[in-house]
>>> print(open('structure-v5.pdb').read())   # PDB, C-alpha atoms
MODEL        1
ATOM      1  CA  MET Z   4      -0.140 -27.573  18.719
ATOM      2  CA  PRO Z   5      -0.472 -23.911  17.735
ATOM      3  CA  ALA Z   6      -2.976 -23.125  14.994
ATOM      4  CA  ASP Z   7      -1.808 -21.960  11.579
ATOM      5  CA  ASP Z   8      -2.742 -18.462  10.403
ATOM      6  CA  ASP Z   9      -6.077 -19.528   8.928
ATOM      7  CA  GLY Z  10      -6.901 -21.391  12.133
ATOM      8  CA  LEU Z  11      -6.100 -18.275  14.156
ATOM      9  CA  MET Z  12      -8.333 -16.180  11.929
ATOM     10  CA  ALA Z  13     -11.186 -18.635  12.447
ATOM     11  CA  GLN Z  14     -10.760 -18.174  16.207
ATOM     12  CA  ILE Z  15     -10.488 -14.397  15.859
ATOM     13  CA  ARG Z  16     -13.822 -14.400  14.012
ATOM     14  CA  GLN Z  17     -15.231 -15.814  17.249
ATOM     15  CA  HIS Z  18     -13.624 -12.856  19.119
ATOM     16  CA  ASP Z  19     -10.919 -14.989  20.715
ATOM     17  CA  GLU Z  20      -8.517 -12.451  22.243
ATOM     18  CA  ALA Z  21      -5.794 -15.029  22.863
ATOM     19  CA  ALA Z  22      -5.788 -15.935  19.178
ATOM     20  CA  PHE Z  23      -5.559 -12.256  18.309
ATOM     21  CA  ALA Z  24      -2.574 -11.818  20.649
ATOM     22  CA  GLU Z  25      -0.860 -14.773  18.969
ATOM     23  CA  LEU Z  26      -1.523 -13.288  15.533
ATOM     24  CA  VAL Z  27       0.018  -9.971  16.620
ATOM     25  CA  ARG Z  28       3.017 -11.802  18.065
ATOM     26  CA  ARG Z  29       3.601 -13.648  14.791
ATOM     27  CA  HIS Z  30       3.201 -10.796  12.353
ATOM     28  CA  LEU Z  31       4.034  -7.541  14.139
ATOM     29  CA  ASP Z  32       7.807  -7.460  13.501
ATOM     30  CA  PRO Z  33       7.707  -7.818   9.695
ATOM     31  CA  LEU Z  34       4.660  -5.573   9.379
ATOM     32  CA  HIS Z  35       6.241  -2.857  11.523
ATOM     33  CA  ARG Z  36       9.469  -3.164   9.513
ATOM     34  CA  TYR Z  37       7.549  -2.559   6.277
ATOM     35  CA  LEU Z  38       5.636   0.415   7.669
ATOM     36  CA  PHE Z  39       8.750   1.944   9.220
ATOM     37  CA  ARG Z  40      10.750   1.673   5.982
ATOM     38  CA  LEU Z  41       7.846   2.891   3.878
ATOM     39  CA  THR Z  42       6.924   5.933   5.973
ATOM     40  CA  GLY Z  43      10.378   6.688   7.394
ATOM     41  CA  SER Z  44       8.756   7.496  10.728
ATOM     42  CA  ALA Z  45       8.813   5.376  13.871
ATOM     43  CA  ASP Z  46       5.703   7.104  15.242
ATOM     44  CA  ASP Z  47       3.721   6.651  12.021
ATOM     45  CA  ALA Z  48       4.807   3.025  11.802
ATOM     46  CA  GLU Z  49       3.544   2.342  15.346
ATOM     47  CA  ASP Z  50       0.198   4.032  14.733
ATOM     48  CA  LEU Z  51      -0.316   2.316  11.391
ATOM     49  CA  ALA Z  52       0.658  -1.096  12.745
ATOM     50  CA  GLN Z  53      -1.876  -0.688  15.555
ATOM     51  CA  GLU Z  54      -4.603   0.436  13.159
ATOM     52  CA  THR Z  55      -3.847  -2.470  10.832
ATOM     53  CA  PHE Z  56      -4.229  -5.083  13.554
ATOM     54  CA  LEU Z  57      -7.353  -3.418  14.957
ATOM     55  CA  ARG Z  58      -8.879  -3.551  11.501
ATOM     56  CA  VAL Z  59      -8.065  -7.247  11.308
ATOM     57  CA  TRP Z  60      -9.730  -7.732  14.682
ATOM     58  CA  GLN Z  61     -12.843  -5.832  13.644
ATOM     59  CA  ARG Z  62     -13.096  -7.234  10.122
ATOM     60  CA  ALA Z  63     -11.915 -10.776  10.535
ATOM     61  CA  ALA Z  64     -15.069 -11.946   8.755
ATOM     62  CA  SER Z  65     -13.901 -10.395   5.508
ATOM     63  CA  TYR Z  66     -10.745 -12.529   5.380
ATOM     64  CA  ARG Z  67     -11.095 -15.340   2.826
ATOM     65  CA  PRO Z  68      -8.815 -18.254   3.718
ATOM     66  CA  GLY Z  69      -7.442 -20.045   0.681
ATOM     67  CA  VAL Z  70      -7.923 -17.051  -1.590
ATOM     68  CA  VAL Z  71      -5.009 -15.056  -0.235
ATOM     69  CA  ARG Z  72      -2.334 -15.704   2.388
ATOM     70  CA  LEU Z  73      -2.873 -13.912   5.676
ATOM     71  CA  THR Z  74       0.471 -12.098   5.473
ATOM     72  CA  THR Z  75      -0.451 -10.759   2.015
ATOM     73  CA  TRP Z  76      -3.841  -9.598   3.331
ATOM     74  CA  LEU Z  77      -2.213  -7.915   6.348
ATOM     75  CA  HIS Z  78       0.317  -6.131   4.177
ATOM     76  CA  ARG Z  79      -2.412  -4.972   1.811
ATOM     77  CA  ILE Z  80      -4.349  -3.377   4.665
ATOM     78  CA  ALA Z  81      -1.159  -1.825   6.066
ATOM     79  CA  HIS Z  82      -0.027  -0.617   2.642
ATOM     80  CA  ASN Z  83      -3.347   1.094   1.889
ATOM     81  CA  MET Z  84      -3.371   2.836   5.245
ATOM     82  CA  ALA Z  85       0.258   3.928   4.863
ATOM     83  CA  VAL Z  86      -0.360   5.324   1.383
ATOM     84  CA  ASP Z  87      -3.399   7.263   2.668
ATOM     85  CA  SER Z  88      -1.327   8.581   5.535
ATOM     86  CA  LEU Z  89       1.574   9.599   3.288
ATOM     87  CA  ARG Z  90      -0.823  11.348   0.927
ATOM     88  CA  ARG Z  91      -2.332  13.318   3.819
ATOM     89  CA  THR Z  92       0.825  14.250   5.642
ATOM     90  CA  ARG Z  93       3.499  14.944   3.078
ATOM     91  CA  PRO Z  94       3.907  15.660  -0.618
ATOM     92  CA  GLU Z  95       5.395  13.011  -2.866
ATOM     93  CA  PRO Z  96       9.186  13.367  -3.016
ATOM     94  CA  LEU Z  97      10.353  14.061  -6.517
ATOM     95  CA  ALA Z  98      13.441  11.952  -6.986
ATOM     96  CA  ASP Z  99      14.783  11.378 -10.449
ATOM     97  CA  ASP Z 100      18.058  10.145 -11.873
ATOM     98  CA  ASP Z 101      19.636  13.572 -11.390
ATOM     99  CA  ASP Z 102      18.837  13.544  -7.672
ATOM    100  CA  MET Z 103      20.292  10.081  -7.379
ATOM    101  CA  ALA Z 104      23.383  11.024  -9.375
ATOM    102  CA  GLY Z 105      23.749  14.018  -7.040
ATOM    103  CA  LEU Z 106      23.751  11.648  -4.087
ATOM    104  CA  ALA Z 107      26.470   9.621  -5.752
ATOM    105  CA  ASP Z 108      28.632  12.708  -6.361
ATOM    106  CA  ASP Z 109      28.500  14.369  -2.971
ATOM    107  CA  GLY Z 110      32.054  13.715  -1.931
ATOM    108  CA  ALA Z 111      32.157   9.952  -2.068
ATOM    109  CA  ASP Z 112      35.564   8.586  -2.962
ATOM    110  CA  PRO Z 113      35.175   5.325  -4.823
ATOM    111  CA  ALA Z 114      38.858   4.560  -4.335
ATOM    112  CA  ARG Z 115      38.333   4.326  -0.565
ATOM    113  CA  ALA Z 116      36.538   1.442   0.985
ATOM    114  CA  ALA Z 117      33.209   2.789   2.214
ATOM    115  CA  SER Z 118      32.215   1.585   5.640
ATOM    116  CA  SER Z 119      29.131  -0.518   5.965
ATOM    117  CA  ALA Z 120      27.540   2.056   8.284
ATOM    118  CA  GLU Z 121      28.166   4.855   5.820
ATOM    119  CA  PHE Z 122      26.759   2.745   3.009
ATOM    120  CA  GLU Z 123      23.656   2.030   5.111
ATOM    121  CA  ARG Z 124      23.180   5.718   5.882
ATOM    122  CA  HIS Z 125      23.326   6.735   2.246
ATOM    123  CA  LEU Z 126      21.181   3.830   1.189
ATOM    124  CA  ASP Z 127      18.535   4.900   3.732
ATOM    125  CA  HIS Z 128      18.604   8.405   2.309
ATOM    126  CA  ALA Z 129      18.376   7.159  -1.273
ATOM    127  CA  ILE Z 130      15.423   4.912  -0.383
ATOM    128  CA  GLY Z 131      13.776   7.797   1.460
ATOM    129  CA  ILE Z 132      13.671  10.028  -1.613
ATOM    130  CA  LEU Z 133      12.312   7.374  -3.948
ATOM    131  CA  PRO Z 134       8.678   7.918  -4.971
ATOM    132  CA  ALA Z 135       6.468   6.032  -2.510
ATOM    133  CA  ASN Z 136       5.243   3.458  -5.028
ATOM    134  CA  GLN Z 137       8.800   2.567  -6.087
ATOM    135  CA  ARG Z 138       9.841   2.390  -2.441
ATOM    136  CA  ALA Z 139       6.921   0.098  -1.647
ATOM    137  CA  ALA Z 140       7.704  -2.217  -4.572
ATOM    138  CA  LEU Z 141      11.347  -2.445  -3.551
ATOM    139  CA  LEU Z 142      10.587  -3.089   0.117
ATOM    140  CA  LEU Z 143       7.921  -5.693  -0.572
ATOM    141  CA  CYS Z 144      10.121  -7.698  -2.936
ATOM    142  CA  GLN Z 145      13.607  -7.243  -1.535
ATOM    143  CA  VAL Z 146      13.082  -6.748   2.180
ATOM    144  CA  GLN Z 147       9.738  -8.399   2.935
ATOM    145  CA  GLY Z 148      10.512 -11.247   0.534
ATOM    146  CA  PHE Z 149       7.226 -11.322  -1.394
ATOM    147  CA  ALA Z 150       7.048 -12.775  -4.888
ATOM    148  CA  ASN Z 151       6.248 -10.211  -7.584
ATOM    149  CA  ARG Z 152       2.690 -11.534  -7.916
ATOM    150  CA  ASP Z 153       1.961 -11.095  -4.199
ATOM    151  CA  ALA Z 154       3.644  -7.684  -4.070
ATOM    152  CA  ALA Z 155       1.494  -6.583  -7.020
ATOM    153  CA  ALA Z 156      -1.634  -7.780  -5.188
ATOM    154  CA  ILE Z 157      -0.635  -5.867  -2.061
ATOM    155  CA  MET Z 158      -0.096  -2.661  -4.020
ATOM    156  CA  GLY Z 159      -3.158  -3.153  -6.226
ATOM    157  CA  VAL Z 160      -1.154  -2.950  -9.458
ATOM    158  CA  SER Z 161      -0.528  -5.374 -12.318
ATOM    159  CA  VAL Z 162       2.528  -7.633 -12.192
ATOM    160  CA  ARG Z 163       3.991  -5.717 -15.136
ATOM    161  CA  GLY Z 164       3.397  -2.463 -13.303
ATOM    162  CA  LEU Z 165       5.087  -3.852 -10.219
ATOM    163  CA  GLU Z 166       8.082  -5.029 -12.265
ATOM    164  CA  SER Z 167       8.410  -1.592 -13.840
ATOM    165  CA  LEU Z 168       8.358   0.126 -10.427
ATOM    166  CA  LEU Z 169      10.888  -2.357  -9.106
ATOM    167  CA  ALA Z 170      13.277  -1.846 -12.042
ATOM    168  CA  ARG Z 171      13.118   1.928 -11.679
ATOM    169  CA  ALA Z 172      13.784   1.705  -7.938
ATOM    170  CA  ARG Z 173      16.738  -0.643  -8.439
ATOM    171  CA  ARG Z 174      18.198   1.608 -11.119
ATOM    172  CA  SER Z 175      17.887   4.702  -8.919
ATOM    173  CA  LEU Z 176      19.561   2.993  -5.968
ATOM    174  CA  ARG Z 177      22.270   1.446  -8.123
ATOM    175  CA  LEU Z 178      23.153   4.884  -9.543
ATOM    176  CA  ALA Z 179      23.010   6.533  -6.139
ATOM    177  CA  MET Z 180      25.196   3.948  -4.450
ATOM    178  CA  ALA Z 181      27.638   3.242  -7.297
ATOM    179  CA  ALA Z 182      30.376   5.445  -5.840
ATOM    180  CA  ARG Z 183      29.877   4.078  -2.330
ATOM    181  CA  VAL Z 184      30.142   0.390  -2.910
ATOM    182  CA  PRO Z 185      32.642  -1.045  -0.415
ATOM    183  CA  MET Z 186      35.861  -2.199  -2.040
ATOM    184  CA  SER Z 187      35.265  -5.666  -0.630
ATOM    185  CA  ALA Z 188      32.114  -5.896  -2.741
ATOM    186  CA  LEU Z 189      33.972  -4.832  -5.859
ATOM    187  CA  GLU Z 190      36.598  -7.459  -5.226
ATOM    188  CA  ARG Z 191      33.943 -10.157  -4.778
ATOM    189  CA  SER Z 192      32.161  -9.339  -8.031
TER     190      SER Z 192
ATOM    191  CA  MET W  29      25.108  -7.887 -25.003
ATOM    192  CA  ASN W  30      26.234  -4.310 -24.469
ATOM    193  CA  GLN W  31      26.437  -2.258 -21.263
ATOM    194  CA  GLN W  32      23.013  -0.675 -21.740
ATOM    195  CA  GLN W  33      21.288  -4.025 -22.285
ATOM    196  CA  PHE W  34      23.137  -5.490 -19.308
ATOM    197  CA  GLU W  35      22.047  -2.666 -16.992
ATOM    198  CA  ALA W  36      18.436  -2.922 -18.183
ATOM    199  CA  LEU W  37      18.399  -6.643 -17.337
ATOM    200  CA  LEU W  38      20.207  -6.008 -14.056
ATOM    201  CA  ASP W  39      17.476  -3.569 -12.981
ATOM    202  CA  ARG W  40      14.667  -5.796 -14.212
ATOM    203  CA  LEU W  41      15.864  -9.208 -13.027
ATOM    204  CA  GLY W  42      18.049  -8.337 -10.050
ATOM    205  CA  SER W  43      21.699  -8.910  -9.290
ATOM    206  CA  ASP W  44      21.663 -12.698  -8.924
ATOM    207  CA  LEU W  45      22.657 -13.950 -12.374
ATOM    208  CA  ASN W  46      21.641 -17.480 -11.378
ATOM    209  CA  THR W  47      17.978 -16.392 -11.544
ATOM    210  CA  TRP W  48      18.295 -14.919 -15.051
ATOM    211  CA  PRO W  49      17.278 -16.855 -18.171
ATOM    212  CA  GLU W  50      20.200 -19.049 -19.186
ATOM    213  CA  ALA W  51      21.018 -17.264 -22.476
ATOM    214  CA  ASP W  52      20.946 -13.817 -20.836
ATOM    215  CA  ALA W  53      23.095 -15.008 -17.943
ATOM    216  CA  ARG W  54      25.674 -16.469 -20.325
ATOM    217  CA  ALA W  55      25.847 -13.245 -22.381
ATOM    218  CA  ALA W  56      26.105 -11.212 -19.164
ATOM    219  CA  ARG W  57      29.018 -13.334 -17.897
ATOM    220  CA  ASP W  58      30.829 -12.822 -21.204
ATOM    221  CA  LEU W  59      30.387  -9.067 -20.869
ATOM    222  CA  LEU W  60      31.468  -9.077 -17.215
ATOM    223  CA  ALA W  61      34.685 -10.852 -18.144
ATOM    224  CA  SER W  62      35.747  -7.919 -20.306
ATOM    225  CA  SER W  63      33.970  -4.815 -18.971
ATOM    226  CA  ALA W  64      34.907  -2.982 -15.772
ATOM    227  CA  ASP W  65      31.772  -0.822 -16.107
ATOM    228  CA  ALA W  66      29.559  -3.904 -16.173
ATOM    229  CA  ALA W  67      31.403  -5.327 -13.160
ATOM    230  CA  ALA W  68      30.965  -2.041 -11.269
ATOM    231  CA  ALA W  69      27.243  -1.942 -12.062
ATOM    232  CA  LEU W  70      26.830  -5.525 -10.856
ATOM    233  CA  ALA W  71      28.825  -4.776  -7.684
ATOM    234  CA  ALA W  72      26.618  -1.759  -6.889
ATOM    235  CA  ALA W  73      23.397  -3.690  -7.518
ATOM    236  CA  SER W  74      24.636  -6.637  -5.441
ATOM    237  CA  ALA W  75      25.675  -4.403  -2.534
ATOM    238  CA  VAL W  76      22.272  -2.696  -2.498
ATOM    239  CA  ALA W  77      20.441  -6.040  -2.626
ATOM    240  CA  ARG W  78      22.605  -7.499   0.147
ATOM    241  CA  HIS W  79      22.043  -4.515   2.444
ATOM    242  CA  LEU W  80      18.301  -4.588   1.807
ATOM    243  CA  GLU W  81      18.102  -8.283   2.636
ATOM    244  CA  GLY W  82      20.152  -7.613   5.776
ATOM    245  CA  ARG W  83      17.303  -5.464   7.051
ATOM    246  CA  ARG W  84      15.056  -8.438   7.578
ATOM    247  CA  GLN W  85      16.235  -8.589  11.182
ATOM    248  CA  HIS W  86      13.944  -6.015  12.728
ATOM    249  CA  ARG W  87      12.079  -5.867  16.008
ATOM    250  CA  ALA W  88       8.990  -3.780  16.583
ATOM    251  CA  PRO W  89       9.247  -1.395  19.569
ATOM    252  CA  HIS W  90       9.055  -3.071  22.950
ATOM    253  CA  GLY W  91       5.508  -3.062  24.328
ATOM    254  CA  LEU W  92       3.777  -2.326  21.016
ATOM    255  CA  ALA W  93       2.244  -5.813  20.779
ATOM    256  CA  ALA W  94       0.797  -5.466  24.290
ATOM    257  CA  ARG W  95      -0.619  -2.027  23.457
ATOM    258  CA  ILE W  96      -2.312  -3.377  20.326
ATOM    259  CA  VAL W  97      -3.887  -6.277  22.195
ATOM    260  CA  ALA W  98      -5.048  -3.913  24.955
ATOM    261  CA  ALA W  99      -6.533  -1.511  22.392
ATOM    262  CA  ALA W 100      -8.457  -4.374  20.804
ATOM    263  CA  ALA W 101     -10.124  -5.088  24.147
ATOM    264  CA  THR W 102     -11.610  -1.563  24.427
ATOM    265  CA  PRO W 103     -15.142  -0.960  23.089
ATOM    266  CA  ARG W 104     -13.871   1.055  20.137
ATOM    267  CA  GLY W 105     -11.168  -1.501  19.434
ATOM    268  CA  ARG W 106     -13.746  -4.297  19.484
ATOM    269  CA  LEU W 107     -16.302  -2.598  17.315
ATOM    270  CA  GLY W 108     -14.722   0.274  15.389
ATOM    271  CA  SER W 109     -16.563   3.538  14.734
ATOM    272  CA  PRO W 110     -20.371   3.381  14.157
ATOM    273  CA  LEU W 111     -19.921   4.181  10.448
ATOM    274  CA  GLU W 112     -17.273   1.478  10.056
ATOM    275  CA  ARG W 113     -19.582  -1.013  11.788
ATOM    276  CA  LEU W 114     -22.480  -0.150   9.487
ATOM    277  CA  LEU W 115     -20.334  -0.478   6.381
ATOM    278  CA  GLU W 116     -18.849  -3.719   7.643
ATOM    279  CA  GLN W 117     -22.319  -5.170   8.199
ATOM    280  CA  LEU W 118     -23.614  -4.022   4.835
ATOM    281  CA  LEU W 119     -20.637  -5.298   2.897
ATOM    282  CA  ASN W 120     -20.671  -8.769   4.382
ATOM    283  CA  PRO W 121     -23.181 -11.628   4.394
ATOM    284  CA  PRO W 122     -26.134 -11.702   4.768
ATOM    285  CA  TRP W 123     -26.583  -8.121   3.573
ATOM    286  CA  ARG W 124     -24.163  -8.183   0.655
ATOM    287  CA  PRO W 125     -26.347 -10.450  -1.573
ATOM    288  CA  ALA W 126     -29.366  -8.290  -0.776
ATOM    289  CA  LEU W 127     -27.477  -5.144  -1.715
ATOM    290  CA  LEU W 128     -26.280  -6.748  -4.920
ATOM    291  CA  ALA W 129     -29.863  -7.731  -5.763
ATOM    292  CA  LEU W 130     -30.973  -4.128  -5.235
ATOM    293  CA  LEU W 131     -28.252  -2.778  -7.469
ATOM    294  CA  PRO W 132     -30.226  -3.113 -10.768
ATOM    295  CA  LEU W 133     -33.161  -1.335  -9.139
ATOM    296  CA  ALA W 134     -30.948   1.547  -8.064
ATOM    297  CA  LEU W 135     -29.362   1.645 -11.493
ATOM    298  CA  GLY W 136     -32.799   1.791 -13.142
ATOM    299  CA  PHE W 137     -33.801   4.625 -10.839
ATOM    300  CA  VAL W 138     -30.712   6.636 -11.746
ATOM    301  CA  ILE W 139     -31.172   6.003 -15.473
ATOM    302  CA  GLY W 140     -34.855   6.936 -15.201
ATOM    303  CA  LEU W 141     -33.958  10.225 -13.550
ATOM    304  CA  GLN W 142     -31.457  11.035 -16.242
ATOM    305  CA  GLN W 143     -33.882  10.255 -19.077
ATOM    306  CA  ALA W 144     -36.860  12.145 -17.686
ATOM    307  CA  ASP W 145     -38.453  14.407 -20.334
ATOM    308  CA  PRO W 146     -38.072  18.058 -19.341
ATOM    309  CA  ALA W 147     -41.474  18.793 -20.980
ATOM    310  CA  ASP W 148     -43.109  16.578 -18.366
ATOM    311  CA  GLN W 149     -41.850  18.724 -15.574
ATOM    312  CA  THR W 150     -43.983  21.376 -13.992
ATOM    313  CA  LEU W 151     -43.084  24.815 -15.287
ATOM    314  CA  PRO W 152     -42.416  27.683 -12.929
ATOM    315  CA  ASP W 153     -45.419  29.530 -14.431
ATOM    316  CA  GLU W 154     -47.712  26.660 -13.528
ATOM    317  CA  LEU W 155     -46.419  26.675 -10.013
ATOM    318  CA  LEU W 156     -47.087  30.394  -9.804
ATOM    319  CA  THR W 157     -50.649  29.938 -11.041
ATOM    320  CA  LEU W 158     -51.264  27.199  -8.556
ATOM    321  CA  ALA W 159     -49.980  29.396  -5.806
ATOM    322  CA  PHE W 160     -52.409  32.163  -6.742
ATOM    323  CA  ASP W 161     -55.343  29.746  -6.993
ATOM    324  CA  ASP W 162     -54.442  28.361  -3.634
ATOM    325  CA  GLY W 163     -54.416  31.848  -2.236
ATOM    326  CA  LEU W 164     -57.861  32.625  -3.659
ATOM    327  CA  TYR W 165     -59.274  29.440  -2.323
ATOM    328  CA  ARG W 166     -57.858  30.139   1.086
ATOM    329  CA  SER W 167     -59.226  33.660   0.935
ATOM    330  CA  ASP W 168     -62.741  32.347   0.094
ATOM    331  CA  LEU W 169     -62.474  29.835   2.824
ATOM    332  CA  TYR W 170     -61.529  32.539   5.271
ATOM    333  CA  LEU W 171     -64.548  34.643   4.373
ATOM    334  CA  GLU W 172     -66.874  31.679   4.507
ATOM    335  CA  LEU W 173     -65.614  30.549   7.865
ATOM    336  CA  ASN W 174     -66.092  34.004   9.251
ATOM    337  CA  ASP W 175     -69.591  34.475   7.768
ATOM    338  CA  GLU W 176     -68.440  37.471   5.810
ATOM    339  CA  GLN W 177     -69.632  38.457   2.325
ATOM    340  CA  PRO W 178     -66.988  38.493  -0.353
TER     341      PRO W 178
ENDMDL
END
>>> encode(input="structure-v5.pdb", output="structure tokens")
Amino acid sequence: MPADDDGLMAQIRQHDEAAFAELVRRHLDPLHRYLFRLTGSADDAEDLAQETFLRVWQRAASYRPGVVRLTTWLHRIAHNMAVDSLRRTRPEPLADDDDMAGLADDGADPARAASSAEFERHLDHAIGILPANQRAALLLCQVQGFANRDAAAIMGVSVRGLESLLARARRSLRLAMAARVPMSALERS
Amino acid sequence: MNQQQFEALLDRLGSDLNTWPEADARAARDLLASSADAAAALAAASAVARHLEGRRQHRAPHGLAARIVAAAATPRGRLGSPLERLLEQLLNPPWRPALLALLPLALGFVIGLQQADPADQTLPDELLTLAFDDGLYRSDLYLELNDEQP
């Protein structure tokens, strides 16, 4: 019977490479998804995912089972490295409501049913110009599926701070995508 | 509930009215029944949430897992950089309790440095005098060693 995450970490502390490979197999896809969406770069996401797992391998002793779930700990390491990387490599995008309203107004015809692919493309763009902390809050809660408390722990902010970031991100995206909502969605609501 | 209040709750609580507090959800449904703007805002928020949740299906690039495992087997992958190793050792048992115990001592040292009386410090003039004395002494010593009269 395969070990649970805490069991794997106990084996990894003993430098068990097979346990490490199993840990990577279990957690790589969601972690890579988070890093890719947060940085917007496939290359950065690969590098950061590798660095995250190597850090887990080297610092397995600092993991405290029972205090925090392994996936939360992994995301916290990955998040910190991604934020450092973003800070080094590119300035913070300055998106505000006007930018988002501009996205909504650039030729979209609300009377026409927007295709799902077009909606996705514009949503990607709108997410990409969110400030990094709002983007992280949104991804952690709505894509990665973390509860607000865990997302706040990953980002190192208070739960209230996390909720504020999340509300601002949702508002920005809602304004940006308002004119592009597929007609089918309007009919459903 | 008006449009502004509805949108504020929509952004704070998300687009699933079933997760809202019962009184807020009821007031929101009343508004939605009569307001096209509220319905449009809910439709936009729901579409965004649905597309975000649809992104959960994601595969990391083929071969990345194997590359990570292979990197972990290299000496650097196993151990990290020398500085990282030192920090890792110092910040974990058994050294961490020792470092914590030394913390008050270090703190006292820093406070002591900051509170040192400037009058206790050697003045530049004193240093200069000492330097001259030292020179005289050395000069005498030189003459003595060489059996010369001053």
>>> closest_atom_pairs(input="structure-v5.pdb", of="chain W", to="chain Z", cutoff="9 Å", atoms="all atoms listed in the file", output="tab-separated table")
residue	atom	partner	partner_atom	distance
W:Glu35	CA	Z:Arg174	CA	8.2
W:Ala36	CA	Z:Ala170	CA	8.1
W:Leu37	CA	Z:Ala170	CA	8.8
W:Leu38	CA	Z:Ala170	CA	8.3
W:Asp39	CA	Z:Ala170	CA	4.6
W:Arg40	CA	Z:Ala170	CA	4.7
W:Leu41	CA	Z:Ala170	CA	7.9
W:Gly42	CA	Z:Arg173	CA	8.0
W:Ala67	CA	Z:Ser192	CA	6.6
W:Ala68	CA	Z:Leu189	CA	6.8
W:Ala69	CA	Z:Ala181	CA	7.1
W:Leu70	CA	Z:Ser192	CA	7.1
W:Ala71	CA	Z:Leu189	CA	5.5
W:Ala72	CA	Z:Ala181	CA	5.1
W:Ala73	CA	Z:Arg177	CA	5.3
W:Ser74	CA	Z:Ala188	CA	8.0
W:Ala75	CA	Z:Val184	CA	6.6
W:Val76	CA	Z:Arg177	CA	7.0
W:Ala77	CA	Z:Gln145	CA	7.0
W:His79	CA	Z:Glu123	CA	7.2
W:Leu80	CA	Z:Val146	CA	5.7
W:Glu81	CA	Z:Val146	CA	5.3
W:Gly82	CA	Z:Val146	CA	8.0
W:Arg83	CA	Z:Val146	CA	6.6
W:Arg84	CA	Z:Val146	CA	6.0
W:Gln85	CA	Z:Pro33	CA	8.7
W:His86	CA	Z:Arg36	CA	6.2
W:Arg87	CA	Z:Asp32	CA	5.2
W:Ala88	CA	Z:Asp32	CA	4.9
W:Pro89	CA	Z:Glu49	CA	8.0
W:Leu92	CA	Z:Glu49	CA	7.3
W:Ala93	CA	Z:Val27	CA	6.3
W:Ala94	CA	Z:Ala24	CA	8.1
W:Arg95	CA	Z:Gln53	CA	8.1
W:Ile96	CA	Z:Gln53	CA	5.5
W:Val97	CA	Z:Ala24	CA	5.9
W:Ala99	CA	Z:Leu57	CA	7.7
W:Ala100	CA	Z:Leu57	CA	6.0
W:Ala101	CA	Z:Glu20	CA	7.8
W:Gly105	CA	Z:Leu57	CA	6.2
W:Arg106	CA	Z:Gln61	CA	6.1
W:Leu107	CA	Z:Gln61	CA	6.0
W:Gly108	CA	Z:Gln61	CA	6.6
W:Arg113	CA	Z:Gln61	CA	8.5
W:Glu116	CA	Z:Arg62	CA	7.2
W:Leu119	CA	Z:Ser65	CA	8.8
W:Asn120	CA	Z:Ser65	CA	7.1
>>> atom_distance(input="structure-v5.pdb", atom1="CA of His82 in chain Z", atom2="CA of Leu38 in chain Z")
7.6 Å
>>> resolve_selection(input="structure-v5.pdb", expression="the PyMOL selection byres ((chain Z and resi 85) around 9)", output="JSON, numbers by chain")
{"Z": [38, 41, 42, 47, 48, 51, 80, 81, 82, 83, 84, 86, 87, 88, 89, 90]}
>>> residues_around(input="structure-v5.pdb", residues="Tyr66 in chain Z", least_positions_apart="5", cutoff="12 Å", atoms="all atoms listed in the file", output="VMD selection string")
(chain Z and resid 8 to 13 15 to 16 58 to 61 71 to 77 79 to 80) or (chain W and resid 120)
>>> atom_distance(input="structure-v5.pdb", atom1="CA of Leu141 in chain W", atom2="CA of Arg124 in chain W")
25.2 Å
>>> atom_distance(input="structure-v5.pdb", atom1="CA of Leu127 in chain W", atom2="CA of Gly69 in chain Z")
25.1 Å
